[in-house]
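Quick notes on the structure that follows.
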Amino acid sequence: MKPVTTSPASEPESAPATDTASVDVVLPCLNEAEALPWVLDRIPPGWRALVVDNGSTDGSADLARALGATVVHEERRGFGAACHAGLTAATADIVCFCDCDASLDPSLLVPFVREVREGGADLVLGRRRPQGRGAWPAHARAGNLALSRMLRRRTGLRLHDLGPLRAARRAPLLALGITDRRSGYPLEMVVRAADAGWHVTEHDVPYLPRSGASKVTGTWRGTWQAVRDMSRVLAAPATAPVPLSPGGTAQ
């Protein structure tokens with residue numbers, strides 16, 4: 001297994017022509033009308049925003065469509081259900097994921113995509129660095145730390161965060177066969193990637209106070225329920241490796 005590489009935060013970069021082709025950004029969305037304009041305005045030029053509406057009642061889907069995003073509807077509730085619906089709807093070679101609550105700037109994905117495209121990594125994750133008070137509550141940070149330690153014991157990956165900002169190639173992601181459709185989806189992606197011997201890298205990214213209340217980690221109870229769900233992912237037996245071709249596609 002290749003090691004995890006961590007690097008310091010960097011400012012968003014302008015995307016040259018070679019980085020704008022064939023990139024879809026999956027944005028799971030549940031009542032994020034307040035945050036959508038900020039998030040969609042920061043999608044790099046030439047990339048496609050896939051807003052996956054997970055049953056919003058605040059007009060998020062109509063607003064996203066009016067702002068130029070492609071809207072995917074996923075009736076089954078769950079963060080993982082929304083993420084996977086976006087992944088299956090994607091057609092680009094490289095797929096990125098980003099929360100739709102304005103806590104993360106999708107323009108920071110430009111160097112992530114470049115790293116995947118140039119073969120420097122198979123999966124790139126953003127390590128959240130909170131900016132200001134309230135950006136990352138203590139209970140959510142404690143749950144993330146616990147999961148990172150469990151992940152290290154399970155896979156050997158020395159990650160510091162399991163944040164939602166990430167990039168990888170679409171075909172290999174689909175080939176991983178991720179089954180969780182709740183809060184364990186991001187973790188299962190990393191676990192299955194590790195089992196397959198993927199090169200995983202991690203880079204610091206600014207983490208801003210989110211718009212509205214978190215649907216998963218807004219409370220201690222919600223956080224520990226998520227930890228419980230993710231613990232089931234870690235307890236599952238290792239999956240068979242998914243071989244990658246030299247170009248980073250699943251064989």
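Labeling convention for the structure tokens: chains A, B, ... as they appear, residues from 1 per chain, ligands from 1 in order of appearance.
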
May I have the residues within 12 Å of Met189 of chain A as a PDB file with all heavy atoms, in the first residue's frame, using only C-alpha atoms and disregarding those fewer than 4 positions away in the same chain?
```
ATOM      1  N   GLY A  80     -25.029   9.257   1.732  1.00  0.00           N
ATOM      2  CA  GLY A  80     -24.433   8.321   0.796  1.00  0.00           C
ATOM      3  C   GLY A  80     -25.303   8.092  -0.423  1.00  0.00           C
ATOM      4  O   GLY A  80     -24.798   7.944  -1.544  1.00  0.00           O
ATOM      5  N   CYS A  83     -24.720  11.094  -2.652  1.00  0.00           N
ATOM      6  CA  CYS A  83     -23.390  11.040  -3.272  1.00  0.00           C
ATOM      7  C   CYS A  83     -23.344  10.013  -4.393  1.00  0.00           C
ATOM      8  O   CYS A  83     -22.809  10.281  -5.480  1.00  0.00           O
ATOM      9  CB  CYS A  83     -22.332  10.709  -2.223  1.00  0.00           C
ATOM     10  SG  CYS A  83     -21.937  12.072  -1.092  1.00  0.00           S
ATOM     11  N   HIS A  84     -23.904   8.831  -4.133  1.00  0.00           N
ATOM     12  CA  HIS A  84     -23.809   7.772  -5.143  1.00  0.00           C
ATOM     13  C   HIS A  84     -24.700   8.076  -6.344  1.00  0.00           C
ATOM     14  O   HIS A  84     -24.345   7.727  -7.486  1.00  0.00           O
ATOM     15  CB  HIS A  84     -24.176   6.417  -4.538  1.00  0.00           C
ATOM     16  CG  HIS A  84     -23.604   5.266  -5.312  1.00  0.00           C
ATOM     17  ND1 HIS A  84     -22.258   4.965  -5.318  1.00  0.00           N
ATOM     18  CD2 HIS A  84     -24.184   4.368  -6.147  1.00  0.00           C
ATOM     19  CE1 HIS A  84     -22.028   3.927  -6.085  1.00  0.00           C
ATOM     20  NE2 HIS A  84     -23.182   3.548  -6.611  1.00  0.00           N
ATOM     21  N   LEU A  87     -22.602  10.231  -8.404  1.00  0.00           N
ATOM     22  CA  LEU A  87     -21.534   9.483  -9.057  1.00  0.00           C
ATOM     23  C   LEU A  87     -22.061   8.703 -10.254  1.00  0.00           C
ATOM     24  O   LEU A  87     -21.433   8.673 -11.316  1.00  0.00           O
ATOM     25  CB  LEU A  87     -20.876   8.534  -8.054  1.00  0.00           C
ATOM     26  CG  LEU A  87     -19.796   7.599  -8.601  1.00  0.00           C
ATOM     27  CD1 LEU A  87     -18.644   8.387  -9.220  1.00  0.00           C
ATOM     28  CD2 LEU A  87     -19.276   6.682  -7.492  1.00  0.00           C
ATOM     29  N   PHE A  97     -16.193  15.629  -5.193  1.00  0.00           N
ATOM     30  CA  PHE A  97     -17.288  15.726  -4.239  1.00  0.00           C
ATOM     31  C   PHE A  97     -17.049  16.943  -3.354  1.00  0.00           C
ATOM     32  O   PHE A  97     -15.908  17.222  -2.968  1.00  0.00           O
ATOM     33  CB  PHE A  97     -17.373  14.470  -3.363  1.00  0.00           C
ATOM     34  CG  PHE A  97     -17.708  13.212  -4.117  1.00  0.00           C
ATOM     35  CD1 PHE A  97     -16.711  12.491  -4.760  1.00  0.00           C
ATOM     36  CD2 PHE A  97     -19.007  12.751  -4.193  1.00  0.00           C
ATOM     37  CE1 PHE A  97     -16.992  11.328  -5.468  1.00  0.00           C
ATOM     38  CE2 PHE A  97     -19.312  11.591  -4.897  1.00  0.00           C
ATOM     39  CZ  PHE A  97     -18.304  10.874  -5.535  1.00  0.00           C
ATOM     40  N   ASP A 122      -4.486   8.448  -6.711  1.00  0.00           N
ATOM     41  CA  ASP A 122      -5.729   7.850  -7.195  1.00  0.00           C
ATOM     42  C   ASP A 122      -6.939   8.488  -6.513  1.00  0.00           C
ATOM     43  O   ASP A 122      -8.023   8.537  -7.081  1.00  0.00           O
ATOM     44  CB  ASP A 122      -5.735   6.344  -6.925  1.00  0.00           C
ATOM     45  CG  ASP A 122      -4.569   5.640  -7.588  1.00  0.00           C
ATOM     46  OD1 ASP A 122      -4.360   5.853  -8.800  1.00  0.00           O
ATOM     47  OD2 ASP A 122      -3.846   4.893  -6.890  1.00  0.00           O
ATOM     48  N   LEU A 123      -6.747   8.947  -5.279  1.00  0.00           N
ATOM     49  CA  LEU A 123      -7.808   9.590  -4.513  1.00  0.00           C
ATOM     50  C   LEU A 123      -7.177  10.717  -3.708  1.00  0.00           C
ATOM     51  O   LEU A 123      -6.203  10.505  -2.989  1.00  0.00           O
ATOM     52  CB  LEU A 123      -8.489   8.589  -3.564  1.00  0.00           C
ATOM     53  CG  LEU A 123      -9.535   9.131  -2.597  1.00  0.00           C
ATOM     54  CD1 LEU A 123     -10.730   9.710  -3.354  1.00  0.00           C
ATOM     55  CD2 LEU A 123      -9.997   8.031  -1.631  1.00  0.00           C
ATOM     56  N   VAL A 124      -7.728  11.929  -3.841  1.00  0.00           N
ATOM     57  CA  VAL A 124      -7.220  13.094  -3.123  1.00  0.00           C
ATOM     58  C   VAL A 124      -8.299  13.595  -2.179  1.00  0.00           C
ATOM     59  O   VAL A 124      -9.449  13.799  -2.595  1.00  0.00           O
ATOM     60  CB  VAL A 124      -6.796  14.223  -4.084  1.00  0.00           C
ATOM     61  CG1 VAL A 124      -6.158  15.375  -3.303  1.00  0.00           C
ATOM     62  CG2 VAL A 124      -5.822  13.699  -5.137  1.00  0.00           C
ATOM     63  N   LEU A 125      -7.934  13.796  -0.922  1.00  0.00           N
ATOM     64  CA  LEU A 125      -8.869  14.244   0.104  1.00  0.00           C
ATOM     65  C   LEU A 125      -8.452  15.606   0.651  1.00  0.00           C
ATOM     66  O   LEU A 125      -7.254  15.925   0.692  1.00  0.00           O
ATOM     67  CB  LEU A 125      -8.918  13.250   1.267  1.00  0.00           C
ATOM     68  CG  LEU A 125      -9.171  11.786   0.933  1.00  0.00           C
ATOM     69  CD1 LEU A 125      -9.073  10.944   2.197  1.00  0.00           C
ATOM     70  CD2 LEU A 125     -10.539  11.624   0.296  1.00  0.00           C
ATOM     71  N   LEU A 151      -9.616   4.089  11.305  1.00  0.00           N
ATOM     72  CA  LEU A 151      -9.229   3.859   9.912  1.00  0.00           C
ATOM     73  C   LEU A 151      -7.764   3.457   9.820  1.00  0.00           C
ATOM     74  O   LEU A 151      -7.400   2.560   9.050  1.00  0.00           O
ATOM     75  CB  LEU A 151      -9.470   5.131   9.091  1.00  0.00           C
ATOM     76  CG  LEU A 151      -9.037   5.072   7.630  1.00  0.00           C
ATOM     77  CD1 LEU A 151      -9.927   4.124   6.842  1.00  0.00           C
ATOM     78  CD2 LEU A 151      -9.065   6.464   7.001  1.00  0.00           C
ATOM     79  N   LEU A 162     -11.571  12.794   7.332  1.00  0.00           N
ATOM     80  CA  LEU A 162     -12.356  12.073   6.330  1.00  0.00           C
ATOM     81  C   LEU A 162     -13.319  13.053   5.677  1.00  0.00           C
ATOM     82  O   LEU A 162     -14.494  12.767   5.474  1.00  0.00           O
ATOM     83  CB  LEU A 162     -13.111  10.905   6.985  1.00  0.00           C
ATOM     84  CG  LEU A 162     -12.203   9.833   7.581  1.00  0.00           C
ATOM     85  CD1 LEU A 162     -13.000   8.862   8.434  1.00  0.00           C
ATOM     86  CD2 LEU A 162     -11.460   9.095   6.481  1.00  0.00           C
ATOM     87  N   GLY A 163     -12.805  14.222   5.379  1.00  0.00           N
ATOM     88  CA  GLY A 163     -13.618  15.303   4.860  1.00  0.00           C
ATOM     89  C   GLY A 163     -14.263  15.011   3.523  1.00  0.00           C
ATOM     90  O   GLY A 163     -13.842  14.128   2.777  1.00  0.00           O
ATOM     91  N   PRO A 164     -15.294  15.783   3.178  1.00  0.00           N
ATOM     92  CA  PRO A 164     -16.071  15.529   1.965  1.00  0.00           C
ATOM     93  C   PRO A 164     -15.469  16.084   0.687  1.00  0.00           C
ATOM     94  O   PRO A 164     -15.943  15.763  -0.400  1.00  0.00           O
ATOM     95  CB  PRO A 164     -17.407  16.223   2.271  1.00  0.00           C
ATOM     96  CG  PRO A 164     -17.023  17.346   3.185  1.00  0.00           C
ATOM     97  CD  PRO A 164     -15.899  16.824   4.031  1.00  0.00           C
ATOM     98  N   ARG A 166     -13.100  15.946  -2.171  1.00  0.00           N
ATOM     99  CA  ARG A 166     -12.264  14.862  -2.702  1.00  0.00           C
ATOM    100  C   ARG A 166     -12.388  14.750  -4.212  1.00  0.00           C
ATOM    101  O   ARG A 166     -13.333  15.266  -4.806  1.00  0.00           O
ATOM    102  CB  ARG A 166     -12.630  13.530  -2.039  1.00  0.00           C
ATOM    103  CG  ARG A 166     -14.114  13.226  -2.030  1.00  0.00           C
ATOM    104  CD  ARG A 166     -14.422  11.964  -1.223  1.00  0.00           C
ATOM    105  NE  ARG A 166     -14.121  12.101   0.199  1.00  0.00           N
ATOM    106  CZ  ARG A 166     -14.124  11.105   1.074  1.00  0.00           C
ATOM    107  NH1 ARG A 166     -14.409   9.870   0.673  1.00  0.00           N
ATOM    108  NH2 ARG A 166     -13.844  11.303   2.348  1.00  0.00           N
ATOM    109  N   ALA A 167     -11.421  14.055  -4.815  1.00  0.00           N
ATOM    110  CA  ALA A 167     -11.406  13.866  -6.266  1.00  0.00           C
ATOM    111  C   ALA A 167     -10.816  12.512  -6.606  1.00  0.00           C
ATOM    112  O   ALA A 167      -9.890  12.035  -5.938  1.00  0.00           O
ATOM    113  CB  ALA A 167     -10.597  14.973  -6.946  1.00  0.00           C
ATOM    114  N   ALA A 168     -11.350  11.884  -7.660  1.00  0.00           N
ATOM    115  CA  ALA A 168     -10.846  10.602  -8.153  1.00  0.00           C
ATOM    116  C   ALA A 168     -11.440  10.375  -9.541  1.00  0.00           C
ATOM    117  O   ALA A 168     -12.312  11.118  -9.988  1.00  0.00           O
ATOM    118  CB  ALA A 168     -11.227   9.458  -7.218  1.00  0.00           C
ATOM    119  N   PRO A 172     -12.960   3.948 -11.809  1.00  0.00           N
ATOM    120  CA  PRO A 172     -12.472   3.204 -10.655  1.00  0.00           C
ATOM    121  C   PRO A 172     -13.345   3.374  -9.413  1.00  0.00           C
ATOM    122  O   PRO A 172     -13.514   2.433  -8.636  1.00  0.00           O
ATOM    123  CB  PRO A 172     -11.065   3.768 -10.435  1.00  0.00           C
ATOM    124  CG  PRO A 172     -10.647   4.292 -11.764  1.00  0.00           C
ATOM    125  CD  PRO A 172     -11.904   4.831 -12.368  1.00  0.00           C
ATOM    126  N   LEU A 173     -13.905   4.577  -9.222  1.00  0.00           N
ATOM    127  CA  LEU A 173     -14.790   4.787  -8.075  1.00  0.00           C
ATOM    128  C   LEU A 173     -16.011   3.868  -8.159  1.00  0.00           C
ATOM    129  O   LEU A 173     -16.403   3.235  -7.173  1.00  0.00           O
ATOM    130  CB  LEU A 173     -15.250   6.246  -8.012  1.00  0.00           C
ATOM    131  CG  LEU A 173     -14.310   7.257  -7.369  1.00  0.00           C
ATOM    132  CD1 LEU A 173     -14.892   8.659  -7.494  1.00  0.00           C
ATOM    133  CD2 LEU A 173     -14.055   6.926  -5.898  1.00  0.00           C
ATOM    134  N   LEU A 174     -16.614   3.800  -9.321  1.00  0.00           N
ATOM    135  CA  LEU A 174     -17.769   2.920  -9.487  1.00  0.00           C
ATOM    136  C   LEU A 174     -17.384   1.461  -9.262  1.00  0.00           C
ATOM    137  O   LEU A 174     -18.144   0.680  -8.685  1.00  0.00           O
ATOM    138  CB  LEU A 174     -18.358   3.100 -10.885  1.00  0.00           C
ATOM    139  CG  LEU A 174     -19.124   4.403 -11.123  1.00  0.00           C
ATOM    140  CD1 LEU A 174     -19.413   4.586 -12.603  1.00  0.00           C
ATOM    141  CD2 LEU A 174     -20.423   4.420 -10.329  1.00  0.00           C
ATOM    142  N   ALA A 175     -16.180   1.094  -9.717  1.00  0.00           N
ATOM    143  CA  ALA A 175     -15.729  -0.292  -9.581  1.00  0.00           C
ATOM    144  C   ALA A 175     -15.468  -0.684  -8.132  1.00  0.00           C
ATOM    145  O   ALA A 175     -15.406  -1.876  -7.815  1.00  0.00           O
ATOM    146  CB  ALA A 175     -14.464  -0.511 -10.411  1.00  0.00           C
ATOM    147  N   LEU A 176     -15.312   0.296  -7.239  1.00  0.00           N
ATOM    148  CA  LEU A 176     -15.095  -0.031  -5.832  1.00  0.00           C
ATOM    149  C   LEU A 176     -16.310  -0.714  -5.209  1.00  0.00           C
ATOM    150  O   LEU A 176     -16.193  -1.411  -4.203  1.00  0.00           O
ATOM    151  CB  LEU A 176     -14.775   1.242  -5.026  1.00  0.00           C
ATOM    152  CG  LEU A 176     -13.401   1.878  -5.260  1.00  0.00           C
ATOM    153  CD1 LEU A 176     -13.287   3.161  -4.430  1.00  0.00           C
ATOM    154  CD2 LEU A 176     -12.272   0.920  -4.906  1.00  0.00           C
ATOM    155  N   GLY A 177     -17.484  -0.516  -5.780  1.00  0.00           N
ATOM    156  CA  GLY A 177     -18.681  -1.190  -5.281  1.00  0.00           C
ATOM    157  C   GLY A 177     -19.126  -0.700  -3.912  1.00  0.00           C
ATOM    158  O   GLY A 177     -19.507  -1.505  -3.058  1.00  0.00           O
ATOM    159  N   ILE A 178     -19.113   0.594  -3.691  1.00  0.00           N
ATOM    160  CA  ILE A 178     -19.510   1.152  -2.392  1.00  0.00           C
ATOM    161  C   ILE A 178     -20.990   0.877  -2.161  1.00  0.00           C
ATOM    162  O   ILE A 178     -21.830   1.145  -3.023  1.00  0.00           O
ATOM    163  CB  ILE A 178     -19.229   2.666  -2.351  1.00  0.00           C
ATOM    164  CG1 ILE A 178     -17.762   2.934  -2.649  1.00  0.00           C
ATOM    165  CG2 ILE A 178     -19.618   3.253  -0.997  1.00  0.00           C
ATOM    166  CD1 ILE A 178     -17.433   4.393  -2.885  1.00  0.00           C
ATOM    167  N   THR A 179     -21.325   0.354  -0.971  1.00  0.00           N
ATOM    168  CA  THR A 179     -22.708  -0.056  -0.683  1.00  0.00           C
ATOM    169  C   THR A 179     -23.421   0.823   0.331  1.00  0.00           C
ATOM    170  O   THR A 179     -24.646   0.858   0.358  1.00  0.00           O
ATOM    171  CB  THR A 179     -22.735  -1.507  -0.167  1.00  0.00           C
ATOM    172  OG1 THR A 179     -21.947  -1.604   1.034  1.00  0.00           O
ATOM    173  CG2 THR A 179     -22.171  -2.463  -1.210  1.00  0.00           C
ATOM    174  N   ASP A 180     -22.685   1.524   1.183  1.00  0.00           N
ATOM    175  CA  ASP A 180     -23.324   2.354   2.208  1.00  0.00           C
ATOM    176  C   ASP A 180     -24.072   3.506   1.539  1.00  0.00           C
ATOM    177  O   ASP A 180     -23.579   4.112   0.587  1.00  0.00           O
ATOM    178  CB  ASP A 180     -22.284   2.909   3.175  1.00  0.00           C
ATOM    179  CG  ASP A 180     -22.922   3.603   4.371  1.00  0.00           C
ATOM    180  OD1 ASP A 180     -23.275   4.791   4.261  1.00  0.00           O
ATOM    181  OD2 ASP A 180     -23.078   2.949   5.411  1.00  0.00           O
ATOM    182  N   ARG A 181     -25.258   3.818   2.049  1.00  0.00           N
ATOM    183  CA  ARG A 181     -26.033   4.928   1.512  1.00  0.00           C
ATOM    184  C   ARG A 181     -26.388   5.946   2.592  1.00  0.00           C
ATOM    185  O   ARG A 181     -27.258   6.785   2.412  1.00  0.00           O
ATOM    186  CB  ARG A 181     -27.321   4.404   0.842  1.00  0.00           C
ATOM    187  CG  ARG A 181     -27.057   3.531  -0.385  1.00  0.00           C
ATOM    188  CD  ARG A 181     -26.387   4.302  -1.511  1.00  0.00           C
ATOM    189  NE  ARG A 181     -26.153   3.483  -2.689  1.00  0.00           N
ATOM    190  CZ  ARG A 181     -25.004   2.856  -2.955  1.00  0.00           C
ATOM    191  NH1 ARG A 181     -23.975   2.968  -2.125  1.00  0.00           N
ATOM    192  NH2 ARG A 181     -24.879   2.132  -4.042  1.00  0.00           N
ATOM    193  N   SER A 183     -24.292   7.870   6.290  1.00  0.00           N
ATOM    194  CA  SER A 183     -23.120   8.681   6.614  1.00  0.00           C
ATOM    195  C   SER A 183     -21.811   7.919   6.475  1.00  0.00           C
ATOM    196  O   SER A 183     -20.737   8.520   6.540  1.00  0.00           O
ATOM    197  CB  SER A 183     -23.247   9.239   8.033  1.00  0.00           C
ATOM    198  OG  SER A 183     -23.474   8.212   8.966  1.00  0.00           O
ATOM    199  N   GLY A 184     -21.873   6.603   6.262  1.00  0.00           N
ATOM    200  CA  GLY A 184     -20.643   5.834   6.104  1.00  0.00           C
ATOM    201  C   GLY A 184     -20.060   5.864   4.709  1.00  0.00           C
ATOM    202  O   GLY A 184     -18.964   5.333   4.487  1.00  0.00           O
ATOM    203  N   TYR A 185     -20.748   6.491   3.756  1.00  0.00           N
ATOM    204  CA  TYR A 185     -20.298   6.480   2.363  1.00  0.00           C
ATOM    205  C   TYR A 185     -18.894   7.047   2.176  1.00  0.00           C
ATOM    206  O   TYR A 185     -18.051   6.404   1.530  1.00  0.00           O
ATOM    207  CB  TYR A 185     -21.301   7.238   1.504  1.00  0.00           C
ATOM    208  CG  TYR A 185     -21.062   7.146   0.013  1.00  0.00           C
ATOM    209  CD1 TYR A 185     -21.650   6.137  -0.737  1.00  0.00           C
ATOM    210  CD2 TYR A 185     -20.257   8.075  -0.647  1.00  0.00           C
ATOM    211  CE1 TYR A 185     -21.447   6.045  -2.110  1.00  0.00           C
ATOM    212  CE2 TYR A 185     -20.048   7.991  -2.013  1.00  0.00           C
ATOM    213  CZ  TYR A 185     -20.639   6.974  -2.742  1.00  0.00           C
ATOM    214  OH  TYR A 185     -20.418   6.890  -4.098  1.00  0.00           O
ATOM    215  N   ALA A 193     -10.799   1.958  -1.235  1.00  0.00           N
ATOM    216  CA  ALA A 193      -9.637   2.418  -1.996  1.00  0.00           C
ATOM    217  C   ALA A 193      -8.347   1.879  -1.389  1.00  0.00           C
ATOM    218  O   ALA A 193      -7.428   1.451  -2.097  1.00  0.00           O
ATOM    219  CB  ALA A 193      -9.622   3.943  -2.046  1.00  0.00           C
ATOM    220  N   ALA A 194      -8.263   1.894  -0.053  1.00  0.00           N
ATOM    221  CA  ALA A 194      -7.076   1.369   0.624  1.00  0.00           C
ATOM    222  C   ALA A 194      -6.931  -0.127   0.371  1.00  0.00           C
ATOM    223  O   ALA A 194      -5.827  -0.623   0.098  1.00  0.00           O
ATOM    224  CB  ALA A 194      -7.160   1.653   2.119  1.00  0.00           C
ATOM    225  N   ASP A 195      -8.041  -0.868   0.444  1.00  0.00           N
ATOM    226  CA  ASP A 195      -8.001  -2.306   0.182  1.00  0.00           C
ATOM    227  C   ASP A 195      -7.514  -2.592  -1.239  1.00  0.00           C
ATOM    228  O   ASP A 195      -6.863  -3.612  -1.496  1.00  0.00           O
ATOM    229  CB  ASP A 195      -9.392  -2.924   0.365  1.00  0.00           C
ATOM    230  CG  ASP A 195      -9.816  -3.000   1.821  1.00  0.00           C
ATOM    231  OD1 ASP A 195      -8.960  -2.808   2.706  1.00  0.00           O
ATOM    232  OD2 ASP A 195     -11.023  -3.234   2.073  1.00  0.00           O
ATOM    233  N   ALA A 196      -7.821  -1.677  -2.160  1.00  0.00           N
ATOM    234  CA  ALA A 196      -7.419  -1.854  -3.559  1.00  0.00           C
ATOM    235  C   ALA A 196      -6.003  -1.367  -3.829  1.00  0.00           C
ATOM    236  O   ALA A 196      -5.525  -1.457  -4.957  1.00  0.00           O
ATOM    237  CB  ALA A 196      -8.404  -1.117  -4.468  1.00  0.00           C
ATOM    238  N   TRP A 198      -4.886   1.783  -3.591  1.00  0.00           N
ATOM    239  CA  TRP A 198      -4.826   3.102  -4.207  1.00  0.00           C
ATOM    240  C   TRP A 198      -3.842   4.008  -3.468  1.00  0.00           C
ATOM    241  O   TRP A 198      -3.644   3.882  -2.255  1.00  0.00           O
ATOM    242  CB  TRP A 198      -6.195   3.762  -4.176  1.00  0.00           C
ATOM    243  CG  TRP A 198      -7.198   3.206  -5.134  1.00  0.00           C
ATOM    244  CD1 TRP A 198      -7.201   1.959  -5.692  1.00  0.00           C
ATOM    245  CD2 TRP A 198      -8.373   3.875  -5.597  1.00  0.00           C
ATOM    246  NE1 TRP A 198      -8.295   1.806  -6.486  1.00  0.00           N
ATOM    247  CE2 TRP A 198      -9.043   2.966  -6.447  1.00  0.00           C
ATOM    248  CE3 TRP A 198      -8.916   5.118  -5.379  1.00  0.00           C
ATOM    249  CZ2 TRP A 198     -10.240   3.303  -7.080  1.00  0.00           C
ATOM    250  CZ3 TRP A 198     -10.106   5.463  -5.998  1.00  0.00           C
ATOM    251  CH2 TRP A 198     -10.750   4.551  -6.849  1.00  0.00           C
ATOM    252  N   VAL A 200      -3.425   7.326  -1.867  1.00  0.00           N
ATOM    253  CA  VAL A 200      -4.308   8.345  -1.293  1.00  0.00           C
ATOM    254  C   VAL A 200      -3.469   9.497  -0.769  1.00  0.00           C
ATOM    255  O   VAL A 200      -2.507   9.287  -0.025  1.00  0.00           O
ATOM    256  CB  VAL A 200      -5.158   7.760  -0.143  1.00  0.00           C
ATOM    257  CG1 VAL A 200      -6.100   8.827   0.417  1.00  0.00           C
ATOM    258  CG2 VAL A 200      -5.941   6.540  -0.619  1.00  0.00           C
ATOM    259  N   MET A 230     -20.274   4.414  10.742  1.00  0.00           N
ATOM    260  CA  MET A 230     -18.975   4.245  10.105  1.00  0.00           C
ATOM    261  C   MET A 230     -18.182   3.099  10.727  1.00  0.00           C
ATOM    262  O   MET A 230     -17.366   2.468  10.049  1.00  0.00           O
ATOM    263  CB  MET A 230     -18.196   5.552  10.180  1.00  0.00           C
ATOM    264  CG  MET A 230     -18.829   6.677   9.380  1.00  0.00           C
ATOM    265  SD  MET A 230     -17.877   8.207   9.440  1.00  0.00           S
ATOM    266  CE  MET A 230     -18.992   9.334   8.576  1.00  0.00           C
ATOM    267  N   VAL A 233     -18.752   0.073   8.822  1.00  0.00           N
ATOM    268  CA  VAL A 233     -17.950   0.028   7.597  1.00  0.00           C
ATOM    269  C   VAL A 233     -16.564  -0.521   7.903  1.00  0.00           C
ATOM    270  O   VAL A 233     -16.033  -1.361   7.161  1.00  0.00           O
ATOM    271  CB  VAL A 233     -17.846   1.431   6.967  1.00  0.00           C
ATOM    272  CG1 VAL A 233     -16.860   1.426   5.804  1.00  0.00           C
ATOM    273  CG2 VAL A 233     -19.217   1.909   6.496  1.00  0.00           C
ATOM    274  N   LEU A 234     -15.964  -0.051   8.997  1.00  0.00           N
ATOM    275  CA  LEU A 234     -14.617  -0.485   9.350  1.00  0.00           C
ATOM    276  C   LEU A 234     -14.584  -1.949   9.772  1.00  0.00           C
ATOM    277  O   LEU A 234     -13.553  -2.610   9.636  1.00  0.00           O
ATOM    278  CB  LEU A 234     -14.075   0.390  10.484  1.00  0.00           C
ATOM    279  CG  LEU A 234     -13.802   1.849  10.106  1.00  0.00           C
ATOM    280  CD1 LEU A 234     -13.535   2.675  11.353  1.00  0.00           C
ATOM    281  CD2 LEU A 234     -12.628   1.953   9.143  1.00  0.00           C
ATOM    282  N   THR A 239     -12.193  -5.976   1.028  1.00  0.00           N
ATOM    283  CA  THR A 239     -12.695  -6.313  -0.294  1.00  0.00           C
ATOM    284  C   THR A 239     -11.540  -6.684  -1.215  1.00  0.00           C
ATOM    285  O   THR A 239     -10.388  -6.329  -0.972  1.00  0.00           O
ATOM    286  CB  THR A 239     -13.460  -5.130  -0.905  1.00  0.00           C
ATOM    287  OG1 THR A 239     -12.599  -3.982  -0.936  1.00  0.00           O
ATOM    288  CG2 THR A 239     -14.683  -4.804  -0.077  1.00  0.00           C
TER     289      THR A 239
END
```

(message) Among segment 8-238 of chain A, which ones does DSSP assign to strand (DSSP E) (computed from the backbone)? Answer as a PyMOL selection string.
(response) chain A and resi 23-29+48-53+70-73+94-97+123-130+166-169+200-207

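Around Cys96 of chain A, within 8 Å and counting only C-alpha atoms, the residues found are Val23, Asp24, Val25, Val26, Leu109, Val113, Leu165, Arg166, Ala167 and Ala168 of chain A, once anything fewer than 5 positions away on its own chain is removed.
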
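Here the question is which of A:Val116, A:Ala64, A:Leu157, A:Val52 gets nearest to Asp93 of chain A using only C-alpha atoms, and that residue is A:Val116.
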
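The shortest atom-to-atom distance to Pro206 of chain A, with only C-alpha atoms taken into account, belongs to A:Ser107 out of A:Ser107, A:Ser22, A:Asn54, A:Thr70.
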
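Minimum distance to Tyr207 of chain A across A:Val191, A:Cys98, A:Ala142, A:Ala235 (counting only C-alpha atoms) occurs at A:Cys98.
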
(request) Run DSSP on the backbone of this structure and report the residues of segment 86-243 of chain A it assigns to helix (DSSP H, G or I), as a ChimeraX atom specification. (result) /A:86-89,106-117,138-155,170-175,185-195,220-235

(request) Considering only C-alpha atoms, return as a VMD selection string whatever protein or nucleic-acid residues lie within 10 Å of Leu27 of chain A, sequence-local ones (same chain, fewer than 6 positions apart) excluded. (result) chain A and resid 36 39 to 40 49 to 53 69 71 to 72 82 to 83 86 96 to 101 106 164

(request) For each of A:Ser211, A:Thr201, A:Ser56, A:Ser231, take the minimum atom-to-atom distance to Ala35 of chain A, counting only C-alpha atoms, then give the residue where this is smallest. (result) A:Ser211

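We find atom CA of Asp161 of chain A and atom CA of Ser60 of chain A to be spaced 28.3 Å apart.
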
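When only C-alpha atoms are used to compute distances to Leu208 of chain A, the closest of the residues A:Arg154, A:Arg133, A:Arg170, A:Ser148 turns out to be A:Arg133.
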
(message) Between A:Gly120, A:Gln131, A:Pro28, A:Ala146, which residue has the minimum interatomic distance to Ser103 of chain A, considering only C-alpha atoms?
(response) A:Gln131
